[in-house]
Number of protein chains: 2
Amino acid sequence: MRRYRVRVGRSGAQPANDEILDSQGGAATLAEAAYRRLRQDIVAGVFAPSQPLRLELLKQRYGLSFSPLREALNRLQTERLVATAPLRGFSVAPVSIEEMWDATETRILIECEALRRSIAHGDDDWEAGIVAAFHALDLQVRRKAAAGGIGDDELIALETRHQDFHRALIVRCRSRRLIDIADQLYVETQRYRLPTLAGQNPAASRDVALEHREIMEATLARRSDEAVALLAAHYRRTSTLVEAYMQNAPAK
Amino acid sequence: MRRYRVRVGRSGAQPANDEILDSQGGAATLAEAAYRRLRQDIVAGVFAPSQPLRLELLKQRYGLSFSPLREALNRLQTERLVATAPLRGFSVAPVSIEEMWDATETRILIECEALRRSIAHGDDDWEAGIVAAFHALDLQVRRKAAAGGIGDDELIALETRHQDFHRALIVRCRSRRLIDIADQLYVETQRYRLPTLAGQNPAASRDVALEHREIMEATLARRSDEAVALLAAHYRRTSTLVEAYMQNAPAK
DNA sequence: AAATATCTTTCTTTCGAAAATATGACATGC
DNA sequence: GCATGTCATATTTTCGAAAGAAAGATATTT
């Protein structure tokens, strides 16, 4: 018997609530589920950069057939996480220091402009969203610091809240494109940032929480130039550390 | 008998030259060919905005099967030319004045930054490329003006050279991402621009060729601020005209 | 008549196999 | 020994059909 649908059992006691998450993370189609899982695994380094992504392997790993996998890989290709050559299949997009800096500087260009516009147009809801996102992020950071280390699930939660905070800053820029490009570049840079978090100094020589707080405060005070400068410095500082890490353990 | 491959007859008298264009425009796979043809047809307005793209229809129109079509549609979705809702298929992305302006302003942000960097880093080859692209564009523009109207093939040639010119300006920006984003936004704005060219005033109240020449001259003279201002004004002027056109013939 | 349930039709999504290509090993000729 | 051609295998790409969901039509109940 085949099992096509991810979302099953609608006729049961449960109401047909679209928000309920199933095992695939709420995806309505297998292709969507494959997209999310593949992206997650690439960013997390489950597949090493430049590694070929053989369809047979993916088929077994995810229990899916060719079609949804190919759809997912095609989408990831346009997002620069997957590389492909005609008739030679797919592979994880390679990494390099140059690409990392390109992603970083492009992100700075996009997000700084988006932040300026958000500061110009932001309303009370926008401010509340920033404060809330910062607080949620801060809680998770403290939890990590208290526990010393961090588990996989907690790392995912931390990363989600980190992205939510940075997105909350720019969400009122009134440009769908700026937000989408920023989201995409977040994932690209995340790929470089995550490996450095794994094998790293516990008490870093850097107070990331403070940087976030300063960005938030300048933003809420509507000091555009200062907020933008802090944001750019924040990203460049991270990338400098990542670069140093990559030079020690190159082409991981 | 099935015919899978686009590129056939390699064993014949012809050398195996990868640059030779076949009927699919040099695509090595059917999925790639489907991607190009679909994009072309969407931009050219063969499919109206918001129109559902039924797979059965596309299958007949392009003589392809589901798989390559779905791959193409998935890629076009991440490029904002196609919209999709899970289990409800694909449709042409809708158009609106707001979206047009968002695409325009984002493009200005990206291309102005890329132009500044190109001016900073450009070498002799870069300058030669700009001059060559401008000349090729100019020839085609004069050809159009001389003939009065323009055929479909000539319009495609004109658009290609137009894109080539604008790309030549920014090609030395040393950022793959800026160039890729600019390419994508070019296609998005092209969608809005093309319909206005079809039903339009012959001798427009605007000398586009002159605008191009001024942009080129400021660029070659390395006057960054002026070049960037001219480029932005160039794009905004076009979009203003497109907006006027759309308000007369809304939601075409 | 209105609301609800059931059926039909239409379309999307997924699968598994078939076809085509690339890759690498092996043999052959120079 | 080196280049060239041929064959076997691994992999991608494509197809056609089957399964599953959505939308609309029809029947049934209140």
# chains A, B, ... in the order shown; residues from 1 in each chain; ligands from 1
call {"tool": "closest_atom_pairs", "arguments": {"of": "chain B", "to": "chain A", "cutoff": "8 Å", "atoms": "only C-alpha atoms", "output": "JSON lines"}}
result
{"residue": "B:Ala28", "atom": "CA", "partner": "A:Pro86", "partner_atom": "CA", "distance": 6.2}
{"residue": "B:Thr29", "atom": "CA", "partner": "A:Pro86", "partner_atom": "CA", "distance": 6.6}
{"residue": "B:Ser67", "atom": "CA", "partner": "A:Ser67", "partner_atom": "CA", "distance": 7.2}
{"residue": "B:Arg70", "atom": "CA", "partner": "A:Glu71", "partner_atom": "CA", "distance": 7.3}
{"residue": "B:Glu71", "atom": "CA", "partner": "A:Glu71", "partner_atom": "CA", "distance": 5.7}
{"residue": "B:Asn74", "atom": "CA", "partner": "A:Arg75", "partner_atom": "CA", "distance": 6.2}
{"residue": "B:Arg75", "atom": "CA", "partner": "A:Arg75", "partner_atom": "CA", "distance": 5.6}
{"residue": "B:Thr78", "atom": "CA", "partner": "A:Arg75", "partner_atom": "CA", "distance": 6.7}
{"residue": "B:Pro86", "atom": "CA", "partner": "A:Ala28", "partner_atom": "CA", "distance": 6.3}
{"residue": "B:Leu87", "atom": "CA", "partner": "A:Thr29", "partner_atom": "CA", "distance": 7.4}
{"residue": "B:Asp102", "atom": "CA", "partner": "A:Ser175", "partner_atom": "CA", "distance": 6.1}
{"residue": "B:Ala103", "atom": "CA", "partner": "A:Arg177", "partner_atom": "CA", "distance": 7.3}
{"residue": "B:Thr106", "atom": "CA", "partner": "A:Leu178", "partner_atom": "CA", "distance": 7.2}
{"residue": "B:Ser175", "atom": "CA", "partner": "A:Asp102", "partner_atom": "CA", "distance": 6.1}
{"residue": "B:Arg176", "atom": "CA", "partner": "A:Asp102", "partner_atom": "CA", "distance": 7.6}
{"residue": "B:Arg177", "atom": "CA", "partner": "A:Asp102", "partner_atom": "CA", "distance": 7.1}
{"residue": "B:Leu178", "atom": "CA", "partner": "A:Thr106", "partner_atom": "CA", "distance": 7.2}
call {"tool": "interface_residues", "arguments": {"of": "chain D", "to": "chain B", "cutoff": "10 Å", "atoms": "only C-alpha atoms (C1' of nucleotides)", "output": "VMD selection string"}}
result
chain D and resid 13 to 16 20 to 22
call {"tool": "closest_atom_pairs", "arguments": {"of": "chain C", "to": "chain A", "cutoff": "8 Å", "atoms": "only C-alpha atoms (C1' of nucleotides)", "output": "tab-separated table"}}
result
residue	atom	partner	partner_atom	distance
C:DT13	C1'	A:Thr29	CA	7.8
C:DT14	C1'	A:Tyr4	CA	6.7
C:DC15	C1'	A:Ser65	CA	6.5
C:DT21	C1'	A:Leu87	CA	6.8
C:DA22	C1'	A:Arg88	CA	7.3
call {"tool": "atom_distance", "arguments": {"atom1": "CA of Glu214 in chain A", "atom2": "CA of Ser118 in chain A"}}
result
16.7 Å
call {"tool": "atom_distance", "arguments": {"atom1": "CA of Asp138 in chain B", "atom2": "CA of Arg167 in chain B"}}
result
15.4 Å
call {"tool": "select_by_dssp", "arguments": {"residues": "range 78-238 of chain A", "states": "helix (DSSP H, G or I)", "output": "PDB file with C-alpha atoms, in the first residue's frame"}}
result
ATOM      1  CA  THR A  78      18.206  28.966  -7.340  1.00  0.00           C
ATOM      2  CA  ILE A  97      35.918  32.753   1.977  1.00  0.00           C
ATOM      3  CA  GLU A  98      35.135  34.895  -1.066  1.00  0.00           C
ATOM      4  CA  GLU A  99      31.582  33.622  -1.267  1.00  0.00           C
ATOM      5  CA  MET A 100      31.099  34.149   2.425  1.00  0.00           C
ATOM      6  CA  TRP A 101      32.154  37.772   2.201  1.00  0.00           C
ATOM      7  CA  ASP A 102      30.029  38.331  -0.872  1.00  0.00           C
ATOM      8  CA  ALA A 103      27.013  36.983   0.977  1.00  0.00           C
ATOM      9  CA  THR A 104      27.861  39.107   4.010  1.00  0.00           C
ATOM     10  CA  GLU A 105      28.342  42.370   2.144  1.00  0.00           C
ATOM     11  CA  THR A 106      25.259  41.836   0.007  1.00  0.00           C
ATOM     12  CA  ARG A 107      23.300  41.155   3.138  1.00  0.00           C
ATOM     13  CA  ILE A 108      24.583  44.357   4.684  1.00  0.00           C
ATOM     14  CA  LEU A 109      23.535  46.322   1.619  1.00  0.00           C
ATOM     15  CA  ILE A 110      20.047  44.845   1.643  1.00  0.00           C
ATOM     16  CA  GLU A 111      19.377  44.863   5.368  1.00  0.00           C
ATOM     17  CA  CYS A 112      20.753  48.324   6.036  1.00  0.00           C
ATOM     18  CA  GLU A 113      18.486  49.800   3.411  1.00  0.00           C
ATOM     19  CA  ALA A 114      15.568  47.772   4.752  1.00  0.00           C
ATOM     20  CA  LEU A 115      16.347  48.896   8.298  1.00  0.00           C
ATOM     21  CA  ARG A 116      16.372  52.555   7.276  1.00  0.00           C
ATOM     22  CA  ARG A 117      12.994  52.193   5.648  1.00  0.00           C
ATOM     23  CA  SER A 118      11.604  50.278   8.609  1.00  0.00           C
ATOM     24  CA  ILE A 119      12.760  53.014  10.964  1.00  0.00           C
ATOM     25  CA  ALA A 120      11.090  55.560   8.723  1.00  0.00           C
ATOM     26  CA  HIS A 121       7.770  53.723   8.554  1.00  0.00           C
ATOM     27  CA  ASP A 124       3.909  50.563  17.471  1.00  0.00           C
ATOM     28  CA  ASP A 125       3.382  46.974  16.385  1.00  0.00           C
ATOM     29  CA  TRP A 126       6.741  46.987  14.707  1.00  0.00           C
ATOM     30  CA  GLU A 127       8.451  48.205  17.877  1.00  0.00           C
ATOM     31  CA  ALA A 128       6.611  45.630  19.958  1.00  0.00           C
ATOM     32  CA  GLY A 129       7.660  42.894  17.567  1.00  0.00           C
ATOM     33  CA  ILE A 130      11.309  43.845  17.910  1.00  0.00           C
ATOM     34  CA  VAL A 131      11.170  43.921  21.695  1.00  0.00           C
ATOM     35  CA  ALA A 132       9.389  40.568  21.786  1.00  0.00           C
ATOM     36  CA  ALA A 133      11.813  38.926  19.371  1.00  0.00           C
ATOM     37  CA  PHE A 134      14.779  40.271  21.287  1.00  0.00           C
ATOM     38  CA  HIS A 135      13.417  38.966  24.559  1.00  0.00           C
ATOM     39  CA  ALA A 136      12.749  35.495  23.123  1.00  0.00           C
ATOM     40  CA  LEU A 137      16.250  35.413  21.691  1.00  0.00           C
ATOM     41  CA  ASP A 138      17.753  36.610  24.933  1.00  0.00           C
ATOM     42  CA  LEU A 139      16.010  33.887  26.930  1.00  0.00           C
ATOM     43  CA  GLN A 140      17.410  31.204  24.671  1.00  0.00           C
ATOM     44  CA  VAL A 141      20.914  32.717  24.811  1.00  0.00           C
ATOM     45  CA  ARG A 142      20.840  32.723  28.607  1.00  0.00           C
ATOM     46  CA  ARG A 143      19.567  29.157  28.622  1.00  0.00           C
ATOM     47  CA  LYS A 144      22.515  28.151  26.515  1.00  0.00           C
ATOM     48  CA  ALA A 145      24.961  30.030  28.709  1.00  0.00           C
ATOM     49  CA  ALA A 146      23.507  28.467  31.861  1.00  0.00           C
ATOM     50  CA  ALA A 147      23.651  24.926  30.493  1.00  0.00           C
ATOM     51  CA  ASP A 152      20.590  20.040  18.531  1.00  0.00           C
ATOM     52  CA  ASP A 153      16.991  21.016  19.117  1.00  0.00           C
ATOM     53  CA  GLU A 154      18.031  23.950  21.260  1.00  0.00           C
ATOM     54  CA  LEU A 155      20.438  25.117  18.590  1.00  0.00           C
ATOM     55  CA  ILE A 156      17.619  25.092  16.069  1.00  0.00           C
ATOM     56  CA  ALA A 157      15.451  27.098  18.441  1.00  0.00           C
ATOM     57  CA  LEU A 158      18.269  29.557  18.990  1.00  0.00           C
ATOM     58  CA  GLU A 159      18.851  30.005  15.279  1.00  0.00           C
ATOM     59  CA  THR A 160      15.147  30.450  14.615  1.00  0.00           C
ATOM     60  CA  ARG A 161      14.908  33.195  17.219  1.00  0.00           C
ATOM     61  CA  HIS A 162      18.050  34.828  15.922  1.00  0.00           C
ATOM     62  CA  GLN A 163      16.582  35.008  12.459  1.00  0.00           C
ATOM     63  CA  ASP A 164      13.267  36.222  13.867  1.00  0.00           C
ATOM     64  CA  PHE A 165      15.001  39.080  15.652  1.00  0.00           C
ATOM     65  CA  HIS A 166      16.865  40.271  12.609  1.00  0.00           C
ATOM     66  CA  ARG A 167      13.747  39.951  10.506  1.00  0.00           C
ATOM     67  CA  ALA A 168      11.685  41.882  13.021  1.00  0.00           C
ATOM     68  CA  LEU A 169      14.041  44.838  12.610  1.00  0.00           C
ATOM     69  CA  ILE A 170      13.442  45.181   8.882  1.00  0.00           C
ATOM     70  CA  ARG A 176       8.629  42.125  -0.146  1.00  0.00           C
ATOM     71  CA  ARG A 177      11.779  41.735  -2.208  1.00  0.00           C
ATOM     72  CA  LEU A 178      14.145  43.180   0.378  1.00  0.00           C
ATOM     73  CA  ILE A 179      12.723  40.858   3.025  1.00  0.00           C
ATOM     74  CA  ASP A 180      12.896  37.803   0.781  1.00  0.00           C
ATOM     75  CA  ILE A 181      16.465  38.511  -0.294  1.00  0.00           C
ATOM     76  CA  ALA A 182      17.446  39.080   3.323  1.00  0.00           C
ATOM     77  CA  ASP A 183      15.872  35.752   4.307  1.00  0.00           C
ATOM     78  CA  GLN A 184      17.775  33.969   1.605  1.00  0.00           C
ATOM     79  CA  LEU A 185      21.065  35.583   2.524  1.00  0.00           C
ATOM     80  CA  TYR A 186      20.465  34.707   6.154  1.00  0.00           C
ATOM     81  CA  VAL A 187      20.398  31.037   5.252  1.00  0.00           C
ATOM     82  CA  GLU A 188      23.486  31.400   3.101  1.00  0.00           C
ATOM     83  CA  THR A 189      25.494  33.027   5.861  1.00  0.00           C
ATOM     84  CA  GLN A 190      24.080  30.632   8.431  1.00  0.00           C
ATOM     85  CA  ARG A 191      25.848  27.854   6.557  1.00  0.00           C
ATOM     86  CA  TYR A 192      29.152  29.485   7.325  1.00  0.00           C
ATOM     87  CA  ARG A 193      28.335  30.497  10.855  1.00  0.00           C
ATOM     88  CA  LEU A 194      27.057  27.199  12.224  1.00  0.00           C
ATOM     89  CA  PRO A 195      30.294  25.188  11.992  1.00  0.00           C
ATOM     90  CA  THR A 196      32.101  27.804  14.053  1.00  0.00           C
ATOM     91  CA  LEU A 197      29.542  27.463  16.832  1.00  0.00           C
ATOM     92  CA  ALA A 198      30.135  23.738  17.194  1.00  0.00           C
ATOM     93  CA  VAL A 208      26.718  39.130  20.906  1.00  0.00           C
ATOM     94  CA  ALA A 209      23.740  39.782  23.172  1.00  0.00           C
ATOM     95  CA  LEU A 210      25.006  43.269  23.852  1.00  0.00           C
ATOM     96  CA  GLU A 211      25.443  43.935  20.146  1.00  0.00           C
ATOM     97  CA  HIS A 212      21.866  42.899  19.565  1.00  0.00           C
ATOM     98  CA  ARG A 213      20.665  45.120  22.361  1.00  0.00           C
ATOM     99  CA  GLU A 214      22.517  48.136  21.004  1.00  0.00           C
ATOM    100  CA  ILE A 215      21.099  47.581  17.531  1.00  0.00           C
ATOM    101  CA  MET A 216      17.625  47.357  19.024  1.00  0.00           C
ATOM    102  CA  GLU A 217      18.016  50.477  21.100  1.00  0.00           C
ATOM    103  CA  ALA A 218      19.326  52.595  18.261  1.00  0.00           C
ATOM    104  CA  THR A 219      16.503  51.302  16.077  1.00  0.00           C
ATOM    105  CA  LEU A 220      13.747  52.012  18.599  1.00  0.00           C
ATOM    106  CA  SER A 224      19.000  55.398  11.575  1.00  0.00           C
ATOM    107  CA  ASP A 225      22.651  56.075  10.893  1.00  0.00           C
ATOM    108  CA  GLU A 226      23.731  54.611  14.200  1.00  0.00           C
ATOM    109  CA  ALA A 227      21.490  51.543  13.883  1.00  0.00           C
ATOM    110  CA  VAL A 228      22.706  50.824  10.381  1.00  0.00           C
ATOM    111  CA  ALA A 229      26.345  51.207  11.378  1.00  0.00           C
ATOM    112  CA  LEU A 230      25.887  48.869  14.343  1.00  0.00           C
ATOM    113  CA  LEU A 231      24.138  46.293  12.180  1.00  0.00           C
ATOM    114  CA  ALA A 232      26.869  46.331   9.543  1.00  0.00           C
ATOM    115  CA  ALA A 233      29.591  46.088  12.175  1.00  0.00           C
ATOM    116  CA  HIS A 234      27.727  43.202  13.799  1.00  0.00           C
ATOM    117  CA  TYR A 235      27.727  41.225  10.565  1.00  0.00           C
ATOM    118  CA  ARG A 236      31.308  42.057   9.653  1.00  0.00           C
ATOM    119  CA  ARG A 237      32.512  41.027  13.079  1.00  0.00           C
ATOM    120  CA  THR A 238      30.858  37.655  12.719  1.00  0.00           C
TER     121      THR A 238
END
call {"tool": "atom_distance", "arguments": {"atom1": "CA of Arg61 in chain A", "atom2": "CA of Pro94 in chain A"}}
result
21.6 Å
call {"tool": "select_by_dssp", "arguments": {"residues": "range 4-155 of chain B", "states": "strand (DSSP E or B)", "output": "list in words"}}
result
Pro52, Leu53, Val82, Ala83, Thr84, Phe90, Ser91 and Val92 of chain B
call {"tool": "write_last_selection", "arguments": {"atoms": "all heavy atoms", "output": "PDB file, in the first residue's frame"}}
result
ATOM      1  N   PRO B  52      -4.060  30.599 -14.493  1.00  0.00           N
ATOM      2  CA  PRO B  52      -3.590  29.284 -14.040  1.00  0.00           C
ATOM      3  C   PRO B  52      -2.789  28.595 -15.132  1.00  0.00           C
ATOM      4  O   PRO B  52      -3.145  28.683 -16.313  1.00  0.00           O
ATOM      5  CB  PRO B  52      -4.892  28.521 -13.740  1.00  0.00           C
ATOM      6  CG  PRO B  52      -5.957  29.558 -13.649  1.00  0.00           C
ATOM      7  CD  PRO B  52      -5.527  30.672 -14.539  1.00  0.00           C
ATOM      8  N   LEU B  53      -1.748  27.935 -14.737  1.00  0.00           N
ATOM      9  CA  LEU B  53      -0.922  27.198 -15.695  1.00  0.00           C
ATOM     10  C   LEU B  53      -1.217  25.707 -15.530  1.00  0.00           C
ATOM     11  O   LEU B  53      -0.547  25.004 -14.778  1.00  0.00           O
ATOM     12  CB  LEU B  53       0.563  27.497 -15.443  1.00  0.00           C
ATOM     13  CG  LEU B  53       0.989  28.929 -15.728  1.00  0.00           C
ATOM     14  CD1 LEU B  53       2.383  29.204 -15.189  1.00  0.00           C
ATOM     15  CD2 LEU B  53       0.933  29.225 -17.211  1.00  0.00           C
ATOM     16  N   VAL B  82       6.217  32.891 -11.221  1.00  0.00           N
ATOM     17  CA  VAL B  82       5.138  31.916 -11.101  1.00  0.00           C
ATOM     18  C   VAL B  82       4.733  31.845  -9.637  1.00  0.00           C
ATOM     19  O   VAL B  82       5.582  31.881  -8.750  1.00  0.00           O
ATOM     20  CB  VAL B  82       5.606  30.535 -11.612  1.00  0.00           C
ATOM     21  CG1 VAL B  82       4.740  29.427 -11.060  1.00  0.00           C
ATOM     22  CG2 VAL B  82       5.605  30.506 -13.140  1.00  0.00           C
ATOM     23  N   ALA B  83       3.432  31.767  -9.413  1.00  0.00           N
ATOM     24  CA  ALA B  83       2.917  31.606  -8.056  1.00  0.00           C
ATOM     25  C   ALA B  83       2.367  30.197  -7.911  1.00  0.00           C
ATOM     26  O   ALA B  83       1.949  29.585  -8.897  1.00  0.00           O
ATOM     27  CB  ALA B  83       1.823  32.639  -7.777  1.00  0.00           C
ATOM     28  N   THR B  84       2.381  29.686  -6.702  1.00  0.00           N
ATOM     29  CA  THR B  84       1.882  28.335  -6.495  1.00  0.00           C
ATOM     30  C   THR B  84       1.253  28.204  -5.117  1.00  0.00           C
ATOM     31  O   THR B  84       1.709  28.809  -4.146  1.00  0.00           O
ATOM     32  CB  THR B  84       3.007  27.304  -6.643  1.00  0.00           C
ATOM     33  OG1 THR B  84       2.489  26.019  -6.334  1.00  0.00           O
ATOM     34  CG2 THR B  84       4.172  27.625  -5.736  1.00  0.00           C
ATOM     35  N   PHE B  90       0.006  25.664 -10.273  1.00  0.00           N
ATOM     36  CA  PHE B  90       0.772  26.870 -10.568  1.00  0.00           C
ATOM     37  C   PHE B  90      -0.072  27.882 -11.319  1.00  0.00           C
ATOM     38  O   PHE B  90      -1.054  27.538 -11.962  1.00  0.00           O
ATOM     39  CB  PHE B  90       1.984  26.501 -11.427  1.00  0.00           C
ATOM     40  CG  PHE B  90       2.898  25.489 -10.792  1.00  0.00           C
ATOM     41  CD1 PHE B  90       2.698  24.128 -10.988  1.00  0.00           C
ATOM     42  CD2 PHE B  90       3.953  25.894 -10.000  1.00  0.00           C
ATOM     43  CE1 PHE B  90       3.538  23.190 -10.400  1.00  0.00           C
ATOM     44  CE2 PHE B  90       4.800  24.966  -9.404  1.00  0.00           C
ATOM     45  CZ  PHE B  90       4.588  23.620  -9.611  1.00  0.00           C
ATOM     46  N   SER B  91       0.340  29.127 -11.231  1.00  0.00           N
ATOM     47  CA  SER B  91      -0.285  30.179 -12.018  1.00  0.00           C
ATOM     48  C   SER B  91       0.755  31.255 -12.280  1.00  0.00           C
ATOM     49  O   SER B  91       1.767  31.334 -11.584  1.00  0.00           O
ATOM     50  CB  SER B  91      -1.486  30.768 -11.270  1.00  0.00           C
ATOM     51  OG  SER B  91      -1.071  31.269 -10.015  1.00  0.00           O
ATOM     52  N   VAL B  92       0.495  32.063 -13.285  1.00  0.00           N
ATOM     53  CA  VAL B  92       1.402  33.168 -13.574  1.00  0.00           C
ATOM     54  C   VAL B  92       1.331  34.160 -12.417  1.00  0.00           C
ATOM     55  O   VAL B  92       0.239  34.456 -11.925  1.00  0.00           O
ATOM     56  CB  VAL B  92       1.009  33.853 -14.892  1.00  0.00           C
ATOM     57  CG1 VAL B  92       1.945  34.996 -15.199  1.00  0.00           C
ATOM     58  CG2 VAL B  92       0.999  32.845 -16.030  1.00  0.00           C
TER      59      VAL B  92
END
call {"tool": "residues_around", "arguments": {"residues": "range 2-9 of chain C", "least_positions_apart": "2", "cutoff": "8 Å", "atoms": "only C-alpha atoms (C1' of nucleotides)", "output": "mmCIF file with N, CA and C atoms (P, O5', C5', C4', C3', O3' and C1' of nucleotides), in the first residue's frame"}}
result
data_model
loop_
_atom_site.group_PDB
_atom_site.id
_atom_site.type_symbol
_atom_site.label_atom_id
_atom_site.label_comp_id
_atom_site.auth_asym_id
_atom_site.auth_seq_id
_atom_site.Cartn_x
_atom_site.Cartn_y
_atom_site.Cartn_z
ATOM 1 P P DA D 25 -20.998 23.299 -11.050
ATOM 2 O "O5'" DA D 25 -21.730 21.885 -10.972
ATOM 3 C "C5'" DA D 25 -21.236 20.804 -11.761
ATOM 4 C "C4'" DA D 25 -21.977 19.523 -11.398
ATOM 5 C "C3'" DA D 25 -23.492 19.673 -11.330
ATOM 6 O "O3'" DA D 25 -24.096 18.536 -11.928
ATOM 7 C "C1'" DA D 25 -22.685 18.881 -9.257
ATOM 8 P P DT D 26 -25.675 18.509 -12.215
ATOM 9 O "O5'" DT D 26 -26.212 17.453 -11.150
ATOM 10 C "C5'" DT D 26 -25.585 16.159 -11.075
ATOM 11 C "C4'" DT D 26 -25.987 15.477 -9.782
ATOM 12 C "C3'" DT D 26 -27.493 15.521 -9.488
ATOM 13 O "O3'" DT D 26 -27.994 14.193 -9.419
ATOM 14 C "C1'" DT D 26 -26.211 16.054 -7.560
ATOM 15 P P DA D 27 -29.554 13.924 -9.249
ATOM 16 O "O5'" DA D 27 -29.568 13.430 -7.741
ATOM 17 C "C5'" DA D 27 -28.731 12.341 -7.348
ATOM 18 C "C4'" DA D 27 -28.675 12.249 -5.837
ATOM 19 C "C3'" DA D 27 -30.037 12.080 -5.155
ATOM 20 O "O3'" DA D 27 -29.955 11.022 -4.209
ATOM 21 C "C1'" DA D 27 -28.890 13.889 -4.199
ATOM 22 P P DT D 28 -31.282 10.376 -3.609
ATOM 23 O "O5'" DT D 28 -31.227 10.893 -2.102
ATOM 24 C "C5'" DT D 28 -30.025 10.713 -1.335
ATOM 25 C "C4'" DT D 28 -30.099 11.551 -0.080
ATOM 26 C "C3'" DT D 28 -31.443 11.469 0.666
ATOM 27 O "O3'" DT D 28 -31.225 10.874 1.938
ATOM 28 C "C1'" DT D 28 -30.671 13.717 0.509
ATOM 29 P P DT D 29 -32.487 10.484 2.876
ATOM 30 O "O5'" DT D 29 -32.429 11.677 3.936
ATOM 31 C "C5'" DT D 29 -31.190 11.963 4.594
ATOM 32 C "C4'" DT D 29 -31.275 13.312 5.296
ATOM 33 C "C3'" DT D 29 -32.479 13.458 6.242
ATOM 34 O "O3'" DT D 29 -32.016 13.824 7.536
ATOM 35 C "C1'" DT D 29 -32.282 15.350 4.814
#
